[in-house]
Amino acid sequence: MGHSIARLSPRYCRDRYRWASLGWTESQWWDQHVFQFHCADGPINTALGTATGLLSLCPQWLIHALWCRWGNRLEGVWGWVWVWLGGGWDTRVLAAARNPGFYDPWCPEERTLENPAYGGLFKAKLDWTLVRECEVVEQGKGNTTYMASDHAYLWIRVVPALVCDGTRREFREKHGCGGSGRRGESRGCCVDPRRRSDWQWKYGVVLLVAIVAVKYIYK
C-alpha cells in the first residue's frame, strides 16, 4: 500500500495503488475497502472492485445492481471489467475479500508506527487487533514514546459475546459483526466512510442510461 513518503520508494508500492490510493492513509484504505464489506453485503466485494479505475467514478449501488443483474451470465466479461476497468482484482479475489465478521476496536486514524529516522514524515497505523464475536472490555496502547521500537503496541481484553439472541443481535448492530451493521461510533471514531463525492452519482446515472440505450439499440 502507498502511504506518505513510502509512495516514492522503489521497493514498496510497486503496483497501481502507489498513486491510486492517493488521499487515503493505508489504514483508511483497508478499513473502507476490505474490512467494511461484510459477507452479507453481497457475493463479491464491490468496494474493492471499484477502488480505482473507471469504476471508481460510479456509485457502488449501481455496480452492485449491475453485477446482480448480469454477473452470472457475463462472468467472463465482468472478470475483464474488474481487472482492467476497476480495482485490478479478479472475481475470485473479490469474492474472497469479504469480511466474515471481524472488527478492529481501534480507530483507523490510530497511529502505531513512527520512525524517527524519517523526520516525522512517516506516521501510520500498521497494526490491527481483529476481533470476532467478542466484546472488548478494556484496551490500551504502550510504547507511545517510540523509545523501545518504532512500533507502538496495542493490547485488548475481550470476553465472548453472549449466546442470547437479543444480546447477540444488539452486539452485532453495535460492532457490525456478520454484516448486519457498521462500526464507528463504538470506537469513538469520527472517520467519514463516504469519501466519494456527489459527482460520482452523476457519472453513475450517465453510465446507466448509456447501458440501457446500447441494450435497446442492439436488441
# chains A, B, ... in the order shown; residues from 1 in each chain; ligands from 1
>>> residues_around(residues="range 120-129 of chain A", least_positions_apart="5", cutoff="12 Å", atoms="only C-alpha atoms", output="PyMOL selection string")
chain A and resi 1-8+24-31+35+102-115+134+136+139-141+146+150-158
>>> select_by_dssp(residues="range 18-83 of chain A", states="alpha helix (DSSP H)", output="ChimeraX atom specification")
/A:18-20,26-30,46-49,60-70,75-83
>>> write_last_selection(atoms="N, CA, C and O atoms", output="tab-separated table (two decimals), in the first residue's frame")
chain	number	residue	atom	x	y	z
A	18	ARG	N	0.16	2.66	-5.89
A	18	ARG	CA	1.13	3.68	-5.48
A	18	ARG	C	0.49	5.06	-5.55
A	18	ARG	O	0.66	5.90	-4.65
A	19	TRP	N	-0.27	5.30	-6.63
A	19	TRP	CA	-0.93	6.59	-6.80
A	19	TRP	C	-2.45	6.47	-6.72
A	19	TRP	O	-3.13	7.46	-6.43
A	20	ALA	N	-2.98	5.28	-6.98
A	20	ALA	CA	-4.44	5.12	-6.94
A	20	ALA	C	-5.00	5.28	-5.53
A	20	ALA	O	-6.18	5.58	-5.37
A	26	GLU	N	-3.00	4.28	4.69
A	26	GLU	CA	-3.09	2.83	4.48
A	26	GLU	C	-4.21	2.21	5.30
A	26	GLU	O	-4.97	1.38	4.81
A	27	SER	N	-4.33	2.64	6.55
A	27	SER	CA	-5.36	2.06	7.42
A	27	SER	C	-6.76	2.46	6.97
A	27	SER	O	-7.70	1.66	7.04
A	28	GLN	N	-6.94	3.69	6.51
A	28	GLN	CA	-8.24	4.11	5.98
A	28	GLN	C	-8.63	3.26	4.78
A	28	GLN	O	-9.78	2.84	4.64
A	29	TRP	N	-7.67	3.03	3.90
A	29	TRP	CA	-7.96	2.26	2.68
A	29	TRP	C	-8.40	0.85	3.02
A	29	TRP	O	-9.39	0.35	2.50
A	30	TRP	N	-7.67	0.18	3.90
A	30	TRP	CA	-8.03	-1.17	4.31
A	30	TRP	C	-9.38	-1.19	5.00
A	30	TRP	O	-10.20	-2.10	4.78
A	46	THR	N	-17.62	-5.26	-3.83
A	46	THR	CA	-17.67	-4.19	-4.83
A	46	THR	C	-16.89	-2.96	-4.37
A	46	THR	O	-16.48	-2.15	-5.20
A	47	ALA	N	-16.69	-2.81	-3.07
A	47	ALA	CA	-15.88	-1.68	-2.58
A	47	ALA	C	-14.44	-1.83	-3.04
A	47	ALA	O	-13.79	-0.85	-3.43
A	48	LEU	N	-13.93	-3.05	-3.02
A	48	LEU	CA	-12.58	-3.31	-3.51
A	48	LEU	C	-12.54	-3.29	-5.03
A	48	LEU	O	-11.58	-2.80	-5.63
A	49	GLY	N	-13.58	-3.80	-5.66
A	49	GLY	CA	-13.63	-3.84	-7.12
A	49	GLY	C	-13.68	-2.47	-7.76
A	49	GLY	O	-13.26	-2.29	-8.90
A	60	GLN	N	-21.31	2.66	-5.74
A	60	GLN	CA	-21.28	1.21	-5.53
A	60	GLN	C	-22.65	0.58	-5.72
A	60	GLN	O	-22.74	-0.57	-6.14
A	61	TRP	N	-23.73	1.31	-5.39
A	61	TRP	CA	-25.06	0.71	-5.54
A	61	TRP	C	-25.34	0.36	-6.99
A	61	TRP	O	-25.99	-0.65	-7.28
A	62	LEU	N	-24.83	1.17	-7.93
A	62	LEU	CA	-25.05	0.90	-9.33
A	62	LEU	C	-24.25	-0.34	-9.78
A	62	LEU	O	-24.78	-1.22	-10.47
A	63	ILE	N	-22.98	-0.40	-9.39
A	63	ILE	CA	-22.15	-1.55	-9.75
A	63	ILE	C	-22.74	-2.82	-9.15
A	63	ILE	O	-22.77	-3.88	-9.80
A	64	HIS	N	-23.20	-2.73	-7.92
A	64	HIS	CA	-23.79	-3.90	-7.26
A	64	HIS	C	-25.04	-4.35	-8.01
A	64	HIS	O	-25.25	-5.56	-8.21
A	65	ALA	N	-25.87	-3.40	-8.42
A	65	ALA	CA	-27.10	-3.75	-9.14
A	65	ALA	C	-26.79	-4.40	-10.49
A	65	ALA	O	-27.43	-5.38	-10.88
A	66	LEU	N	-25.81	-3.87	-11.20
A	66	LEU	CA	-25.43	-4.43	-12.50
A	66	LEU	C	-24.85	-5.83	-12.33
A	66	LEU	O	-25.12	-6.73	-13.15
A	67	TRP	N	-24.05	-6.02	-11.28
A	67	TRP	CA	-23.48	-7.35	-11.05
A	67	TRP	C	-24.57	-8.37	-10.72
A	67	TRP	O	-24.55	-9.49	-11.23
A	68	CYS	N	-25.51	-7.98	-9.88
A	68	CYS	CA	-26.60	-8.89	-9.52
A	68	CYS	C	-27.47	-9.23	-10.73
A	68	CYS	O	-28.02	-10.33	-10.82
A	69	ARG	N	-27.57	-8.29	-11.65
A	69	ARG	CA	-28.42	-8.50	-12.83
A	69	ARG	C	-27.73	-9.34	-13.89
A	69	ARG	O	-28.33	-10.25	-14.48
A	70	TRP	N	-26.45	-9.06	-14.17
A	70	TRP	CA	-25.76	-9.73	-15.27
A	70	TRP	C	-24.48	-10.44	-14.87
A	70	TRP	O	-23.73	-10.90	-15.73
A	75	GLU	N	-20.04	-13.58	-16.73
A	75	GLU	CA	-18.96	-13.71	-15.76
A	75	GLU	C	-17.59	-13.43	-16.38
A	75	GLU	O	-16.74	-12.78	-15.78
A	76	GLY	N	-17.39	-13.91	-17.61
A	76	GLY	CA	-16.12	-13.66	-18.27
A	76	GLY	C	-15.89	-12.19	-18.55
A	76	GLY	O	-14.78	-11.67	-18.37
A	77	VAL	N	-16.94	-11.51	-18.99
A	77	VAL	CA	-16.83	-10.07	-19.26
A	77	VAL	C	-16.56	-9.30	-17.98
A	77	VAL	O	-15.72	-8.40	-17.93
A	78	TRP	N	-17.28	-9.67	-16.91
A	78	TRP	CA	-17.08	-8.98	-15.64
A	78	TRP	C	-15.68	-9.20	-15.10
A	78	TRP	O	-15.10	-8.30	-14.48
A	79	GLY	N	-15.11	-10.39	-15.33
A	79	GLY	CA	-13.74	-10.63	-14.89
A	79	GLY	C	-12.78	-9.65	-15.54
A	79	GLY	O	-11.86	-9.12	-14.89
A	80	TRP	N	-12.98	-9.38	-16.82
A	80	TRP	CA	-12.15	-8.41	-17.54
A	80	TRP	C	-12.41	-7.00	-17.01
A	80	TRP	O	-11.48	-6.20	-16.84
A	81	VAL	N	-13.67	-6.69	-16.74
A	81	VAL	CA	-14.04	-5.36	-16.25
A	81	VAL	C	-13.39	-5.07	-14.90
A	81	VAL	O	-12.81	-4.00	-14.68
A	82	TRP	N	-13.46	-6.04	-13.97
A	82	TRP	CA	-12.88	-5.83	-12.64
A	82	TRP	C	-11.37	-5.59	-12.72
A	82	TRP	O	-10.83	-4.73	-12.01
A	83	VAL	N	-10.69	-6.34	-13.59
A	83	VAL	CA	-9.23	-6.25	-13.65
A	83	VAL	C	-8.77	-4.98	-14.36
A	83	VAL	O	-7.87	-4.28	-13.89
>>> closest_residue(among="A:Arg16, A:Arg73, A:Arg92, A:His38", to="Thr52 in chain A", atoms="only C-alpha atoms")
A:Arg16
>>> residues_around(residues="Pro43 in chain A", least_positions_apart="4", cutoff="9 Å", atoms="only C-alpha atoms", output="list in words")
Cys39, Cys68, Leu94, Ala95 and Arg98 of chain A
>>> write_last_selection(atoms="C-alpha atoms", output="short mmCIF file (atom, residue, chain, number, x, y, z; two decimals), in the first residue's frame")
data_model
loop_
_atom_site.label_atom_id
_atom_site.label_comp_id
_atom_site.auth_asym_id
_atom_site.auth_seq_id
_atom_site.Cartn_x
_atom_site.Cartn_y
_atom_site.Cartn_z
CA CYS A 39 -20.19 -11.32 3.58
CA CYS A 68 -26.60 -8.89 -9.52
CA LEU A 94 -13.30 -10.11 -4.81
CA ALA A 95 -15.44 -12.99 -3.57
CA ARG A 98 -15.27 -10.15 2.25
#
>>> select_by_dssp(residues="range 28-170 of chain A", states="strand (DSSP E)", output="tab-separated table (two decimals) with N, CA, C and O atoms, in the first residue's frame")
chain	number	residue	atom	x	y	z
A	113	LEU	N	2.89	3.44	14.32
A	113	LEU	CA	4.28	3.43	13.86
A	113	LEU	C	4.74	4.85	13.60
A	113	LEU	O	4.04	5.65	12.97
A	114	GLU	N	5.91	5.14	14.10
A	114	GLU	CA	6.54	6.44	13.83
A	114	GLU	C	8.05	6.25	13.94
A	114	GLU	O	8.58	6.08	15.03
A	123	LYS	N	4.13	8.40	9.46
A	123	LYS	CA	3.38	8.02	10.66
A	123	LYS	C	2.14	7.28	10.17
A	123	LYS	O	1.42	7.78	9.30
A	124	ALA	N	1.88	6.12	10.74
A	124	ALA	CA	0.78	5.32	10.21
A	124	ALA	C	0.27	4.33	11.23
A	124	ALA	O	0.94	4.03	12.23
A	134	CYS	N	-16.74	-11.13	19.96
A	134	CYS	CA	-16.26	-10.85	21.31
A	134	CYS	C	-16.52	-9.39	21.63
A	134	CYS	O	-16.53	-8.53	20.74
A	135	GLU	N	-16.68	-9.12	22.89
A	135	GLU	CA	-16.86	-7.75	23.37
A	135	GLU	C	-15.54	-7.28	23.97
A	135	GLU	O	-14.96	-7.94	24.83
A	136	VAL	N	-15.04	-6.14	23.50
A	136	VAL	CA	-13.82	-5.56	24.05
A	136	VAL	C	-14.18	-4.79	25.32
A	136	VAL	O	-14.94	-3.83	25.26
A	137	VAL	N	-13.65	-5.22	26.43
A	137	VAL	CA	-13.99	-4.59	27.71
A	137	VAL	C	-12.88	-3.65	28.20
A	137	VAL	O	-13.12	-2.82	29.07
A	138	GLU	N	-11.69	-3.80	27.63
A	138	GLU	CA	-10.59	-2.93	28.03
A	138	GLU	C	-9.54	-2.93	26.93
A	138	GLU	O	-9.33	-3.95	26.27
A	139	GLN	N	-8.92	-1.82	26.71
A	139	GLN	CA	-7.89	-1.73	25.69
A	139	GLN	C	-6.89	-0.64	26.05
A	139	GLN	O	-7.20	0.29	26.81
A	140	GLY	N	-5.69	-0.76	25.51
A	140	GLY	CA	-4.67	0.22	25.82
A	140	GLY	C	-3.55	0.20	24.80
A	140	GLY	O	-3.51	-0.64	23.90
A	141	LYS	N	-2.65	1.13	24.95
A	141	LYS	CA	-1.56	1.32	24.00
A	141	LYS	C	-0.28	1.60	24.76
A	141	LYS	O	-0.29	2.34	25.75
A	142	GLY	N	0.83	0.99	24.32
A	142	GLY	CA	2.10	1.18	25.01
A	142	GLY	C	3.20	1.61	24.06
A	142	GLY	O	3.02	1.63	22.85
A	153	TYR	N	2.64	-0.68	20.74
A	153	TYR	CA	1.92	-1.93	20.85
A	153	TYR	C	0.50	-1.66	21.36
A	153	TYR	O	0.25	-0.75	22.13
A	154	LEU	N	-0.43	-2.47	20.87
A	154	LEU	CA	-1.82	-2.37	21.25
A	154	LEU	C	-2.22	-3.62	22.02
A	154	LEU	O	-1.81	-4.72	21.66
A	155	TRP	N	-3.00	-3.46	23.05
A	155	TRP	CA	-3.50	-4.61	23.78
A	155	TRP	C	-4.99	-4.43	24.06
A	155	TRP	O	-5.49	-3.31	24.18
A	156	ILE	N	-5.69	-5.54	24.09
A	156	ILE	CA	-7.12	-5.51	24.37
A	156	ILE	C	-7.47	-6.69	25.28
A	156	ILE	O	-6.77	-7.69	25.31
A	157	ARG	N	-8.53	-6.53	26.03
A	157	ARG	CA	-9.09	-7.62	26.83
A	157	ARG	C	-10.52	-7.85	26.37
A	157	ARG	O	-11.31	-6.89	26.31
A	158	VAL	N	-10.83	-9.05	26.01
A	158	VAL	CA	-12.14	-9.35	25.43
A	158	VAL	C	-12.83	-10.45	26.23
A	158	VAL	O	-12.20	-11.22	26.95
A	159	VAL	N	-14.14	-10.47	26.09
A	159	VAL	CA	-14.96	-11.56	26.62
A	159	VAL	C	-15.84	-12.06	25.49
A	159	VAL	O	-16.23	-11.29	24.60
A	160	PRO	N	-16.16	-13.35	25.46
A	160	PRO	CA	-17.02	-13.87	24.38
A	160	PRO	C	-18.39	-13.21	24.40
A	160	PRO	O	-18.93	-12.88	25.46
>>> atom_distance(atom1="CA of Pro10 in chain A", atom2="CA of Gly88 in chain A")
20.5 Å
>>> atom_distance(atom1="CA of Tyr12 in chain A", atom2="CA of Ala117 in chain A")
17.3 Å
>>> closest_residue(among="A:Met147, A:Leu57, A:Ala96, A:Ala161", to="Val34 in chain A", atoms="only C-alpha atoms")
A:Ala96
>>> atom_distance(atom1="CA of Leu54 in chain A", atom2="CA of Gly86 in chain A")
6.1 Å
